[in-house]
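S.K.: Structure supplied as start-v3.cif; contents: mmCIF, C-alpha atoms and all ligand atoms.
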data_entry
#
loop_
_atom_site.group_PDB
_atom_site.id
_atom_site.type_symbol
_atom_site.label_atom_id
_atom_site.label_comp_id
_atom_site.auth_asym_id
_atom_site.auth_seq_id
_atom_site.Cartn_x
_atom_site.Cartn_y
_atom_site.Cartn_z
ATOM 1 C CA MET S 206 61.426 -4.902 38.740
ATOM 2 C CA SER S 207 64.058 -4.102 41.331
ATOM 3 C CA THR S 208 67.470 -4.822 39.934
ATOM 4 C CA SER S 209 69.190 -4.622 43.322
ATOM 5 C CA LEU S 210 70.431 -7.937 44.644
ATOM 6 C CA ARG S 211 68.823 -9.180 47.863
ATOM 7 C CA PRO S 212 71.417 -10.185 50.469
ATOM 8 C CA LEU S 213 70.502 -13.631 51.761
ATOM 9 C CA VAL S 214 71.705 -16.249 54.238
ATOM 10 C CA HIS S 215 70.339 -19.796 54.012
ATOM 11 C CA ASP S 216 70.221 -21.754 57.293
ATOM 12 C CA CYS S 217 69.513 -25.356 56.398
ATOM 13 C CA ASP S 218 69.779 -29.098 57.077
ATOM 14 C CA PRO S 219 70.434 -30.585 53.592
ATOM 15 C CA GLY S 220 68.368 -32.779 53.057
ATOM 16 C CA THR S 221 67.089 -33.225 49.542
ATOM 17 C CA ASP S 222 64.603 -30.369 49.583
ATOM 18 C CA ASP S 223 67.066 -28.014 51.278
ATOM 19 C CA ALA S 224 69.474 -28.881 48.476
ATOM 20 C CA VAL S 225 66.906 -27.972 45.817
ATOM 21 C CA ALA S 226 66.168 -24.711 47.634
ATOM 22 C CA LEU S 227 69.901 -23.930 47.699
ATOM 23 C CA LEU S 228 70.309 -24.706 43.984
ATOM 24 C CA LEU S 229 67.335 -22.460 43.173
ATOM 25 C CA ALA S 230 68.874 -19.611 45.173
ATOM 26 C CA LEU S 231 72.234 -20.087 43.440
ATOM 27 C CA HIS S 232 70.576 -19.951 40.007
ATOM 28 C CA SER S 233 68.602 -16.774 40.714
ATOM 29 C CA PRO S 234 70.222 -13.426 39.949
ATOM 30 C CA GLU S 235 67.817 -11.606 42.262
ATOM 31 C CA LEU S 236 69.489 -13.153 45.304
ATOM 32 C CA ASP S 237 72.978 -12.598 46.665
ATOM 33 C CA LEU S 238 73.717 -15.692 48.753
ATOM 34 C CA LEU S 239 76.241 -14.406 51.260
ATOM 35 C CA ALA S 240 76.617 -17.574 53.317
ATOM 36 C CA VAL S 241 75.126 -20.925 54.216
ATOM 37 C CA SER S 242 74.745 -21.998 57.838
ATOM 38 C CA THR S 243 74.042 -25.598 58.716
ATOM 39 C CA THR S 244 72.221 -27.296 61.543
ATOM 40 C CA HIS S 245 71.318 -30.757 62.775
ATOM 41 C CA GLY S 246 68.095 -31.998 61.241
ATOM 42 C CA ASN S 247 67.454 -34.423 58.410
ATOM 43 C CA VAL S 248 70.871 -35.931 59.132
ATOM 44 C CA SER S 249 73.689 -35.078 61.550
ATOM 45 C CA LEU S 250 75.375 -31.669 61.573
ATOM 46 C CA GLN S 251 78.507 -33.263 60.109
ATOM 47 C CA SER S 252 76.471 -34.616 57.185
ATOM 48 C CA THR S 253 74.396 -31.487 56.574
ATOM 49 C CA THR S 254 77.615 -29.454 56.570
ATOM 50 C CA ARG S 255 79.353 -31.831 54.172
ATOM 51 C CA ASN S 256 76.290 -31.758 51.899
ATOM 52 C CA ALA S 257 76.201 -27.948 51.886
ATOM 53 C CA LEU S 258 79.911 -27.727 51.012
ATOM 54 C CA GLU S 259 79.568 -30.287 48.217
ATOM 55 C CA LEU S 260 76.442 -28.654 46.797
ATOM 56 C CA LEU S 261 78.122 -25.246 46.621
ATOM 57 C CA ASP S 262 81.163 -26.804 44.948
ATOM 58 C CA PHE S 263 78.921 -28.690 42.502
ATOM 59 C CA ALA S 264 77.113 -25.466 41.589
ATOM 60 C CA GLY S 265 80.394 -23.595 41.073
ATOM 61 C CA HIS S 266 79.935 -21.482 44.207
ATOM 62 C CA ALA S 267 82.596 -22.969 46.487
ATOM 63 C CA HIS S 268 83.510 -19.389 47.430
ATOM 64 C CA VAL S 269 80.263 -19.041 49.435
ATOM 65 C CA PRO S 270 81.234 -19.600 53.092
ATOM 66 C CA VAL S 271 79.605 -22.392 55.096
ATOM 67 C CA TYR S 272 79.269 -22.072 58.861
ATOM 68 C CA ALA S 273 78.412 -25.150 60.909
ATOM 69 C CA GLY S 274 76.046 -24.573 63.812
ATOM 70 C CA ALA S 275 74.045 -26.529 66.331
ATOM 71 C CA GLU S 276 74.657 -30.254 66.679
ATOM 72 C CA GLY S 277 71.323 -30.604 68.432
ATOM 73 C CA PRO S 278 68.235 -28.723 69.628
ATOM 74 C CA LEU S 279 68.214 -26.239 72.505
ATOM 75 C CA VAL S 280 66.806 -28.628 75.066
ATOM 76 C CA ARG S 281 66.218 -32.146 73.781
ATOM 77 C CA SER S 282 68.220 -34.761 71.848
ATOM 78 C CA PRO S 283 68.499 -34.585 68.072
ATOM 79 C CA VAL S 284 65.993 -36.387 65.877
ATOM 80 C CA TYR S 285 66.962 -37.242 62.292
ATOM 81 C CA ALA S 286 65.041 -38.285 59.149
ATOM 82 C CA PRO S 287 67.294 -40.771 57.262
ATOM 83 C CA LYS S 288 64.250 -42.766 56.173
ATOM 84 C CA ILE S 289 63.140 -39.785 54.106
ATOM 85 C CA HIS S 290 66.423 -38.284 52.926
ATOM 86 C CA GLY S 291 68.662 -41.356 52.944
ATOM 87 C CA ARG S 292 71.653 -41.972 55.186
ATOM 88 C CA GLY S 293 73.804 -39.381 53.383
ATOM 89 C CA GLY S 294 70.932 -36.895 53.354
ATOM 90 C CA LEU S 295 70.627 -36.317 49.601
ATOM 91 C CA GLY S 296 68.325 -39.159 48.585
ATOM 92 C CA GLY S 297 71.185 -41.540 47.938
ATOM 93 C CA VAL S 298 72.879 -39.137 45.512
ATOM 94 C CA THR S 299 76.671 -38.721 45.696
ATOM 95 C CA LEU S 300 77.907 -35.408 44.344
ATOM 96 C CA PRO S 301 80.888 -35.253 41.968
ATOM 97 C CA GLN S 302 83.645 -33.095 43.412
ATOM 98 C CA THR S 303 85.314 -30.537 41.169
ATOM 99 C CA GLY S 304 88.411 -30.365 43.350
ATOM 100 C CA GLY S 305 88.750 -26.781 42.205
ATOM 101 C CA PRO S 306 91.108 -24.300 43.896
ATOM 102 C CA GLU S 307 88.282 -22.726 45.896
ATOM 103 C CA VAL S 308 87.098 -26.022 47.362
ATOM 104 C CA SER S 309 88.211 -26.046 50.971
ATOM 105 C CA GLY S 310 85.984 -28.930 51.924
ATOM 106 C CA GLN S 311 85.750 -27.369 55.341
ATOM 107 C CA PRO S 312 83.284 -25.007 57.036
ATOM 108 C CA LYS S 313 84.593 -21.708 58.384
ATOM 109 C CA PRO S 314 85.759 -21.908 62.020
ATOM 110 C CA LEU S 315 83.083 -19.480 63.333
ATOM 111 C CA HIS S 316 79.931 -21.060 64.806
ATOM 112 C CA ALA S 317 76.862 -20.413 62.655
ATOM 113 C CA ALA S 318 75.072 -18.478 65.408
ATOM 114 C CA LEU S 319 78.006 -16.057 65.630
ATOM 115 C CA ALA S 320 78.265 -15.850 61.850
ATOM 116 C CA LEU S 321 74.569 -14.910 61.639
ATOM 117 C CA LEU S 322 75.166 -12.109 64.156
ATOM 118 C CA GLU S 323 78.203 -10.859 62.206
ATOM 119 C CA LEU S 324 76.263 -10.797 58.950
ATOM 120 C CA ALA S 325 73.324 -9.036 60.613
ATOM 121 C CA ASP S 326 75.736 -6.462 61.993
ATOM 122 C CA ARG S 327 77.136 -5.887 58.503
ATOM 123 C CA TYR S 328 73.908 -5.938 56.466
ATOM 124 C CA GLY S 329 71.307 -4.843 59.024
ATOM 125 C CA ASP S 330 67.736 -4.606 57.790
ATOM 126 C CA SER S 331 68.738 -5.374 54.201
ATOM 127 C CA LEU S 332 69.515 -8.984 55.185
ATOM 128 C CA THR S 333 67.019 -11.793 54.630
ATOM 129 C CA LEU S 334 67.377 -15.085 56.487
ATOM 130 C CA CYS S 335 65.856 -18.180 54.890
ATOM 131 C CA ALA S 336 65.605 -21.079 57.361
ATOM 132 C CA THR S 337 64.645 -24.535 56.146
ATOM 133 C CA GLY S 338 65.712 -26.767 59.026
ATOM 134 C CA PRO S 339 65.252 -26.803 62.800
ATOM 135 C CA LEU S 340 65.745 -23.227 64.034
ATOM 136 C CA SER S 341 68.423 -23.907 66.661
ATOM 137 C CA ASN S 342 71.028 -21.539 65.128
ATOM 138 C CA LEU S 343 68.534 -18.695 64.886
ATOM 139 C CA ALA S 344 67.439 -19.148 68.495
ATOM 140 C CA LEU S 345 71.029 -19.312 69.770
ATOM 141 C CA ALA S 346 71.866 -16.073 67.935
ATOM 142 C CA GLU S 347 68.726 -14.408 69.302
ATOM 143 C CA ARG S 348 69.586 -15.406 72.862
ATOM 144 C CA LEU S 349 73.127 -14.085 72.429
ATOM 145 C CA HIS S 350 71.882 -10.824 70.956
ATOM 146 C CA PRO S 351 68.187 -10.151 71.731
ATOM 147 C CA GLY S 352 66.576 -8.243 68.865
ATOM 148 C CA PHE S 353 68.835 -9.841 66.220
ATOM 149 C CA LEU S 354 65.937 -11.425 64.342
ATOM 150 C CA LYS S 355 63.714 -8.338 64.571
ATOM 151 C CA GLY S 356 66.436 -6.281 62.904
ATOM 152 C CA LEU S 357 66.413 -8.403 59.739
ATOM 153 C CA ARG S 358 64.408 -7.606 56.613
ATOM 154 C CA GLU S 359 62.556 -10.942 56.704
ATOM 155 C CA VAL S 360 62.925 -14.380 58.290
ATOM 156 C CA VAL S 361 61.427 -16.880 55.839
ATOM 157 C CA VAL S 362 60.841 -20.218 57.542
ATOM 158 C CA MET S 363 59.755 -23.646 56.392
ATOM 159 C CA GLY S 364 58.163 -25.183 59.461
ATOM 160 C CA GLY S 365 54.982 -26.043 61.299
ATOM 161 C CA SER S 366 51.766 -27.575 60.077
ATOM 162 C CA ILE S 367 48.913 -25.159 60.297
ATOM 163 C CA GLU S 368 45.491 -26.518 59.436
ATOM 164 C CA VAL S 369 42.474 -24.750 60.750
ATOM 165 C CA GLY S 370 40.579 -27.314 62.813
ATOM 166 C CA SER S 371 42.603 -30.426 62.035
ATOM 167 C CA PRO S 372 46.044 -30.344 63.591
ATOM 168 C CA LYS S 373 46.662 -34.049 62.894
ATOM 169 C CA LEU S 374 48.640 -33.204 59.812
ATOM 170 C CA GLY S 375 52.169 -33.587 60.971
ATOM 171 C CA ASN S 376 54.771 -35.558 59.089
ATOM 172 C CA VAL S 377 57.028 -36.751 61.901
ATOM 173 C CA THR S 378 54.238 -37.340 64.405
ATOM 174 C CA PRO S 379 50.478 -37.049 63.715
ATOM 175 C CA TRP S 380 50.664 -33.632 65.321
ATOM 176 C CA ALA S 381 53.990 -32.076 64.343
ATOM 177 C CA GLU S 382 56.019 -31.093 61.297
ATOM 178 C CA PHE S 383 59.674 -32.203 61.391
ATOM 179 C CA ASN S 384 61.484 -28.840 61.790
ATOM 180 C CA ALA S 385 59.107 -27.732 64.558
ATOM 181 C CA TYR S 386 59.339 -31.119 66.274
ATOM 182 C CA ALA S 387 63.134 -31.295 66.021
ATOM 183 C CA ASP S 388 63.507 -28.058 68.025
ATOM 184 C CA PRO S 389 60.179 -26.660 69.286
ATOM 185 C CA HIS S 390 61.907 -24.354 71.777
ATOM 186 C CA ALA S 391 63.885 -22.726 68.961
ATOM 187 C CA LEU S 392 60.717 -22.173 66.921
ATOM 188 C CA ARG S 393 59.111 -20.605 69.996
ATOM 189 C CA VAL S 394 62.057 -18.168 70.337
ATOM 190 C CA VAL S 395 61.650 -17.166 66.678
ATOM 191 C CA LEU S 396 57.861 -16.779 66.969
ATOM 192 C CA GLU S 397 58.262 -14.590 70.053
ATOM 193 C CA SER S 398 61.107 -12.479 68.610
ATOM 194 C CA GLY S 399 58.947 -9.838 66.926
ATOM 195 C CA ALA S 400 60.745 -10.560 63.649
ATOM 196 C CA ASN S 401 59.106 -10.278 60.203
ATOM 197 C CA VAL S 402 58.517 -14.029 59.947
ATOM 198 C CA VAL S 403 57.008 -15.519 56.782
ATOM 199 C CA LEU S 404 55.961 -19.064 57.634
ATOM 200 C CA PHE S 405 55.644 -21.892 55.094
ATOM 201 C CA GLY S 406 54.004 -24.809 56.896
ATOM 202 C CA LEU S 407 52.945 -28.206 55.588
ATOM 203 C CA ASN S 408 49.521 -26.722 54.854
ATOM 204 C CA LEU S 409 51.277 -24.723 52.151
ATOM 205 C CA THR S 410 54.127 -26.949 51.024
ATOM 206 C CA ARG S 411 51.874 -29.975 50.503
ATOM 207 C CA GLN S 412 50.158 -27.933 47.776
ATOM 208 C CA VAL S 413 53.436 -28.217 45.784
ATOM 209 C CA ARG S 414 53.702 -31.931 45.144
ATOM 210 C CA VAL S 415 56.728 -33.931 43.997
ATOM 211 C CA THR S 416 55.700 -36.430 41.345
ATOM 212 C CA ARG S 417 57.444 -38.856 38.997
ATOM 213 C CA GLU S 418 56.224 -36.778 36.057
ATOM 214 C CA ARG S 419 57.902 -33.687 37.451
ATOM 215 C CA GLU S 420 61.057 -35.697 38.206
ATOM 216 C CA ALA S 421 61.148 -36.768 34.543
ATOM 217 C CA ALA S 422 60.487 -33.234 33.293
ATOM 218 C CA LEU S 423 63.401 -31.883 35.355
ATOM 219 C CA HIS S 424 65.702 -34.633 34.023
ATOM 220 C CA ALA S 425 64.653 -33.735 30.486
ATOM 221 C CA LEU S 426 65.944 -30.170 30.928
ATOM 222 C CA GLY S 427 69.422 -31.637 30.520
ATOM 223 C CA THR S 428 71.407 -29.287 32.743
ATOM 224 C CA ALA S 429 73.578 -30.541 35.600
ATOM 225 C CA ALA S 430 71.526 -28.672 38.221
ATOM 226 C CA ALA S 431 68.187 -29.907 36.877
ATOM 227 C CA SER S 432 69.448 -33.488 36.596
ATOM 228 C CA LEU S 433 70.830 -33.414 40.139
ATOM 229 C CA THR S 434 67.521 -32.024 41.370
ATOM 230 C CA ALA S 435 65.621 -34.758 39.534
ATOM 231 C CA SER S 436 67.905 -37.452 40.990
ATOM 232 C CA MET S 437 67.508 -36.159 44.538
ATOM 233 C CA LEU S 438 63.734 -35.819 44.203
ATOM 234 C CA GLY S 439 63.614 -39.319 42.697
ATOM 235 C CA GLY S 440 65.520 -40.669 45.696
ATOM 236 C CA TYR S 441 63.121 -38.806 47.993
ATOM 237 C CA LEU S 442 60.111 -40.347 46.206
ATOM 238 C CA ASP S 443 61.709 -43.802 46.483
ATOM 239 C CA MET S 444 61.961 -43.312 50.240
ATOM 240 C CA ILE S 445 58.423 -42.092 50.793
ATOM 241 C CA GLU S 446 56.930 -44.732 48.514
ATOM 242 C CA LYS S 447 58.669 -47.347 50.677
ATOM 243 C CA ARG S 448 56.891 -45.851 53.658
ATOM 244 C CA ASP S 449 53.662 -45.730 51.612
ATOM 245 C CA GLN S 450 53.304 -42.077 52.466
ATOM 246 C CA LYS S 451 50.723 -40.498 50.250
ATOM 247 C CA ILE S 452 52.463 -37.545 48.666
ATOM 248 C CA GLY S 453 55.877 -36.028 48.314
ATOM 249 C CA ALA S 454 56.027 -32.283 48.773
ATOM 250 C CA LEU S 455 58.531 -29.665 47.662
ATOM 251 C CA HIS S 456 58.831 -28.158 51.141
ATOM 252 C CA ASP S 457 61.968 -26.018 51.338
ATOM 253 C CA PRO S 458 62.126 -24.610 47.789
ATOM 254 C CA CYS S 459 58.821 -22.805 48.441
ATOM 255 C CA THR S 460 60.717 -20.357 50.688
ATOM 256 C CA VAL S 461 63.207 -19.419 47.969
ATOM 257 C CA ALA S 462 60.497 -19.316 45.291
ATOM 258 C CA TYR S 463 58.693 -16.764 47.495
ATOM 259 C CA LEU S 464 61.823 -14.598 47.678
ATOM 260 C CA ILE S 465 62.163 -14.640 43.893
ATOM 261 C CA ARG S 466 58.487 -14.483 42.851
ATOM 262 C CA PRO S 467 56.239 -13.636 45.858
ATOM 263 C CA GLY S 468 53.161 -13.512 43.611
ATOM 264 C CA LEU S 469 53.228 -17.318 43.491
ATOM 265 C CA PHE S 470 51.895 -17.369 47.048
ATOM 266 C CA ARG S 471 49.183 -15.867 49.187
ATOM 267 C CA LEU S 472 49.962 -14.845 52.786
ATOM 268 C CA GLU S 473 47.802 -13.814 55.699
ATOM 269 C CA ALA S 474 48.658 -12.335 59.085
ATOM 270 C CA ALA S 475 48.269 -14.941 61.830
ATOM 271 C CA ARG S 476 49.301 -15.724 65.362
ATOM 272 C CA VAL S 477 51.008 -19.092 65.585
ATOM 273 C CA HIS S 478 51.826 -21.013 68.744
ATOM 274 C CA VAL S 479 54.140 -24.021 69.094
ATOM 275 C CA ASN S 480 53.726 -26.603 71.837
ATOM 276 C CA THR S 481 56.987 -27.073 73.748
ATOM 277 C CA ASP S 482 55.570 -29.432 76.374
ATOM 278 C CA GLU S 483 56.875 -32.966 76.581
ATOM 279 C CA GLY S 484 54.489 -35.603 75.258
ATOM 280 C CA GLY S 485 52.645 -36.603 72.129
ATOM 281 C CA THR S 486 51.734 -33.188 70.790
ATOM 282 C CA SER S 487 55.197 -31.690 71.239
ATOM 283 C CA GLY S 488 56.071 -29.461 68.282
ATOM 284 C CA MET S 489 52.441 -29.062 67.240
ATOM 285 C CA THR S 490 51.788 -25.627 65.769
ATOM 286 C CA THR S 491 48.354 -24.027 65.950
ATOM 287 C CA ARG S 492 46.740 -20.735 65.029
ATOM 288 C CA THR S 493 45.619 -18.784 68.072
ATOM 289 C CA GLU S 494 43.850 -15.524 68.813
ATOM 290 C CA GLY S 495 45.860 -12.370 69.424
ATOM 291 C CA ALA S 496 48.329 -10.125 67.656
ATOM 292 C CA ALA S 497 49.856 -11.625 64.534
ATOM 293 C CA ASN S 498 53.425 -12.907 64.861
ATOM 294 C CA VAL S 499 53.815 -14.272 61.312
ATOM 295 C CA GLN S 500 52.744 -13.824 57.737
ATOM 296 C CA LEU S 501 51.374 -17.321 57.105
ATOM 297 C CA ALA S 502 51.551 -18.738 53.599
ATOM 298 C CA THR S 503 48.146 -20.190 52.770
ATOM 299 C CA TRP S 504 48.084 -20.776 48.990
ATOM 300 C CA ALA S 505 50.664 -21.669 46.356
ATOM 301 C CA ASP S 506 50.588 -21.600 42.563
ATOM 302 C CA GLU S 507 51.897 -25.153 42.249
ATOM 303 C CA ASP S 508 52.532 -25.040 38.513
ATOM 304 C CA GLY S 509 54.057 -21.597 38.841
ATOM 305 C CA VAL S 510 56.598 -22.867 41.375
ATOM 306 C CA TYR S 511 57.657 -25.655 39.018
ATOM 307 C CA GLU S 512 57.813 -23.231 36.089
ATOM 308 C CA LEU S 513 60.204 -21.062 38.121
ATOM 309 C CA LEU S 514 62.281 -24.065 39.188
ATOM 310 C CA SER S 515 62.545 -25.310 35.592
ATOM 311 C CA GLU S 516 63.257 -21.828 34.237
ATOM 312 C CA ARG S 517 66.158 -21.304 36.655
ATOM 313 C CA LEU S 518 67.661 -24.790 36.865
ATOM 314 C CA GLY S 519 67.202 -25.353 33.167
ATOM 315 C CA GLN S 520 69.406 -22.401 32.245
ATOM 316 C CA LYS S 521 72.390 -23.584 30.226
HETATM 317 O O1 LIG B 601 58.905 -31.163 57.291
HETATM 318 C C1 LIG B 601 59.708 -30.871 56.199
HETATM 319 C C2 LIG B 601 60.966 -30.180 56.631
HETATM 320 O O2 LIG B 601 61.734 -31.021 57.472
HETATM 321 C C3 LIG B 601 61.888 -29.854 55.453
HETATM 322 O O3 LIG B 601 62.636 -28.720 55.756
HETATM 323 C C4 LIG B 601 62.778 -31.050 55.382
HETATM 324 O O4 LIG B 601 64.037 -30.766 54.776
HETATM 325 C C5 LIG B 601 62.963 -31.341 56.846
HETATM 326 O O5 LIG B 601 64.000 -30.484 57.321
HETATM 327 CA CA CA B 602 65.021 -28.839 55.620
#
So that I can check it, write out the structure of this file as structure tokens.

M.R.:
Amino acid sequence: MSTSLRPLVHDCDPGTDDAVALLLALHSPELDLLAVSTTHGNVSLQSTTRNALELLDFAGHAHVPVYAGAEGPLVRSPVYAPKIHGRGGLGGVTLPQTGGPEVSGQPKPLHAALALLELADRYGDSLTLCATGPLSNLALAERLHPGFLKGLREVVVMGGSIEVGSPKLGNVTPWAEFNAYADPHALRVVLESGANVVLFGLNLTRQVRVTREREAALHALGTAAASLTASMLGGYLDMIEKRDQKIGALHDPCTVAYLIRPGLFRLEAARVHVNTDEGGTSGMTTRTEGAANVQLATWADEDGVYELLSERLGQK
């Protein structure tokens, strides 16, 4: 097993599942989390940025820099998901603050898009970018410096909803997944960038369900990180049960689980298109003919993902 740390940046919109993905990354020695960049998405940029800062402080990693990015998508107005993540964005959970010396409580002054370019300049093709929110920061950086994304080791994205033959499997509209819908133009920039994109759509993430049993099992681990994860996932389940949605899914952590233990997933080369037209199917992602532009995640070892999550977050 390679013992070299993998330099990583996490672009996110915490959000309960982003928060679990971030905690998993912070509790995994294989990954060297260099920075967190935040975007509009589940809640406002101000809230996602505050949540990222508080999560890093909670996990004892307040030294990891946070860069705030896009307040909205490239073209349209922001859409948020407070009915799924709660008004604060973390399923109703308020994080205790350590107030330690490293806690600045503020993001760095550099815009996230510029920070991504600086990190890419420093780490080149050893840098992995994990993106679990709308892709506005990635697209802005790519437009500022064409070829930025292609120069990275991998761009691991949670987004889209690929189902062969039945596209009506969105979660924000019948046709679109939230991250794709929130900034379809940004997703199109990433898909057309030539980057090594690994795409985790709803077709994959819905295979990794969030259940009350798993919430209880995480609580039972007894560590602060596992209990926080259980509380956030419990708040998430409360929200979706209110909206009588059928299942909760562990969307964003699948990307980090892949980086740690890729054997938990199966991928296949695919060409993916995103609809950027106005109208009902905006943000819909479909598989099309032609040269592959992503490695599409198609199967997950559901129990294996939870074993990894418990193993890492349950560490005393
Ligand atoms: O559709 C699920 C995705 O949208 C997840 O990343 C969730 O956090 C929201 O951003
Ligand atoms: Ca997210």

S.K.: For ligand CA 602 (chain B), list the contacting residues at 8 Å or closer, counting all atoms listed in the file, as a compact mmCIF listing (two decimals) with C-alpha atoms, in the frame of the given file.

M.R.:
# COMPACT_ATOMS: atom_id res chain seq x y z
CA CYS S 217 69.51 -25.36 56.40
CA ASP S 218 69.78 -29.10 57.08
CA PRO S 219 70.43 -30.58 53.59
CA GLY S 220 68.37 -32.78 53.06
CA THR S 221 67.09 -33.22 49.54
CA ASP S 222 64.60 -30.37 49.58
CA ASP S 223 67.07 -28.01 51.28
CA GLY S 246 68.10 -32.00 61.24
CA ASN S 247 67.45 -34.42 58.41
CA ALA S 336 65.60 -21.08 57.36
CA THR S 337 64.64 -24.54 56.15
CA GLY S 338 65.71 -26.77 59.03
CA PRO S 339 65.25 -26.80 62.80
CA MET S 363 59.76 -23.65 56.39
CA ASN S 384 61.48 -28.84 61.79
CA HIS S 456 58.83 -28.16 51.14
CA ASP S 457 61.97 -26.02 51.34

S.K.: For atom CA of Ser252 of chain S and atom CA of Gly291 of chain S, quote the distance in Å rounded to one decimal.

M.R.: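 Between atom CA of Ser252 of chain S and atom CA of Gly291 of chain S the gap is 11.2 Å.
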
S.K.: Using all atoms listed in the file, which of the listed residues (S:Val280, S:Ala267, S:Leu295, S:Ala320) sits closest to Ala435 of chain S?

M.R.: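 Among S:Val280, S:Ala267, S:Leu295, S:Ala320, it is S:Leu295 that comes nearest to Ala435 of chain S.
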
S.K.: Given the file shown, determine the residues that the PyMOL selection byres (((chain S and resi 213) around 9) and not hetatm) selects; report them as a PyMOL selection string.

M.R.: chain S and resi 211-212+214-215+236-241+331-335

S.K.: What does the PyMOL selection byres (((chain S and resi 400) around 7) and not hetatm) select in this file, as a ChimeraX atom specification?

M.R.: /S:354-355,360,398-399,401-402

S.K.: Compare S:Val477, S:Ile289, S:Ala275, S:Ala502 by their minimum atom-to-atom distance to Leu438 of chain S, counting all atoms listed in the file, and give me the closest one.

M.R.: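 Closest to Leu438 of chain S, using all atoms listed in the file: S:Ile289.
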
S.K.: Calculated over only C-alpha atoms and all ligand atoms, which of the candidates S:Tyr272, S:Phe263, S:Trp504, S:Tyr441 has the smallest distance to ligand LIG 601 (chain B)?

M.R.: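 Selected residue with least distance to ligand LIG 601 (chain B): S:Tyr441.
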
S.K.: Mind checking which residues fall within 10 Å of Val284 of chain S, counting only C-alpha atoms, ignoring those fewer than 5 positions away in the same chain, and posting them as a PDB file with C-alpha atoms, in the frame of the given file?

M.R.:
ATOM      1  CA  HIS S 245      71.318 -30.757  62.775  1.00  0.00           C
ATOM      2  CA  GLY S 246      68.095 -31.998  61.241  1.00  0.00           C
ATOM      3  CA  ASN S 247      67.454 -34.423  58.410  1.00  0.00           C
ATOM      4  CA  VAL S 248      70.871 -35.931  59.132  1.00  0.00           C
ATOM      5  CA  SER S 249      73.689 -35.078  61.550  1.00  0.00           C
ATOM      6  CA  GLY S 277      71.323 -30.604  68.432  1.00  0.00           C
ATOM      7  CA  PRO S 278      68.235 -28.723  69.628  1.00  0.00           C
ATOM      8  CA  VAL S 377      57.028 -36.751  61.901  1.00  0.00           C
ATOM      9  CA  PHE S 383      59.674 -32.203  61.391  1.00  0.00           C
ATOM     10  CA  ASN S 384      61.484 -28.840  61.790  1.00  0.00           C
ATOM     11  CA  TYR S 386      59.339 -31.119  66.274  1.00  0.00           C
ATOM     12  CA  ALA S 387      63.134 -31.295  66.021  1.00  0.00           C
ATOM     13  CA  ASP S 388      63.507 -28.058  68.025  1.00  0.00           C
TER      14      ASP S 388
END

S.K.: For ligand LIG 601 (chain B), which residue among S:Thr460, S:Ser209, S:Ser436, S:Thr428 is the nearest when counting only C-alpha atoms and all ligand atoms?

M.R.: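 Selected residue with least distance to ligand LIG 601 (chain B): S:Thr460.
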
S.K.: Between S:Leu228, S:Gly440, S:Leu472, S:Leu513, single out the one closest to Arg292 of chain S, counting only C-alpha atoms.

M.R.: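 Nearest to Arg292 of chain S: S:Gly440.
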
S.K.: Taking the file above as input, evaluate the PyMOL selection byres (((chain S and resi 431) around 12) and not hetatm) and report the hits as number ranges by chain.

M.R.: S: 224-225, 228-229, 232, 264, 419-430, 432-439, 511, 513-521

S.K.: Considering only C-alpha atoms and all ligand atoms, can you say which of S:Arg358, S:Leu315, S:Thr410, S:Ile367 comes closest to ligand LIG 601 (chain B)?

M.R.: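 Selected residue with least distance to ligand LIG 601 (chain B): S:Thr410.
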
S.K.: I'd like the contact shell of Ser487 of chain S - 8 Å cut-off, all atoms listed in the file, skipping same-chain residues fewer than 3 positions apart - returned as an mmCIF file with C-alpha atoms, in the frame of the given file.

M.R.:
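Everything below was put into selection-v7.cif:
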data_model
loop_
_atom_site.group_PDB
_atom_site.id
_atom_site.type_symbol
_atom_site.label_atom_id
_atom_site.label_comp_id
_atom_site.auth_asym_id
_atom_site.auth_seq_id
_atom_site.Cartn_x
_atom_site.Cartn_y
_atom_site.Cartn_z
ATOM 1 C CA TRP S 380 50.664 -33.632 65.321
ATOM 2 C CA ALA S 381 53.990 -32.076 64.343
ATOM 3 C CA TYR S 386 59.339 -31.119 66.274
ATOM 4 C CA PRO S 389 60.179 -26.660 69.286
ATOM 5 C CA ASN S 480 53.726 -26.603 71.837
ATOM 6 C CA THR S 481 56.987 -27.073 73.748
ATOM 7 C CA ASP S 482 55.570 -29.432 76.374
ATOM 8 C CA GLU S 483 56.875 -32.966 76.581
ATOM 9 C CA GLY S 484 54.489 -35.603 75.258
#

S.K.: Could you work out an axis-aligned box for ligand LIG 601 (chain B), taking every atom the file lists and adding 6 Å on each side, and report centre and edge lengths in Å to one decimal, as AutoDock Vina command-line options?

M.R.:
--center_x 61.5 --center_y -30.0 --center_z 56.1 --size_x 17.1 --size_y 14.6 --size_z 14.7

S.K.: Hey, can you check how far atom CA of Glu446 of chain S sits from atom CA of Asp508 of chain S?

M.R.: 22.5 Å

S.K.: May I have the residues within 12 Å of segment 344-346 of chain S as a ChimeraX atom specification, using all atoms listed in the file and disregarding those fewer than 2 positions away in the same chain?

M.R.: /S:216,244,274-280,316-326,336,339-342,348-355,388-398,400

S.K.: As an exercise, work out the distance from atom O3 of ligand LIG 601 (chain B) to atom CA of Leu407 of chain S in Å and give it to one decimal place.

M.R.: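 Computed distance, atom O3 of ligand LIG 601 (chain B) to atom CA of Leu407 of chain S, equals 9.7 Å.
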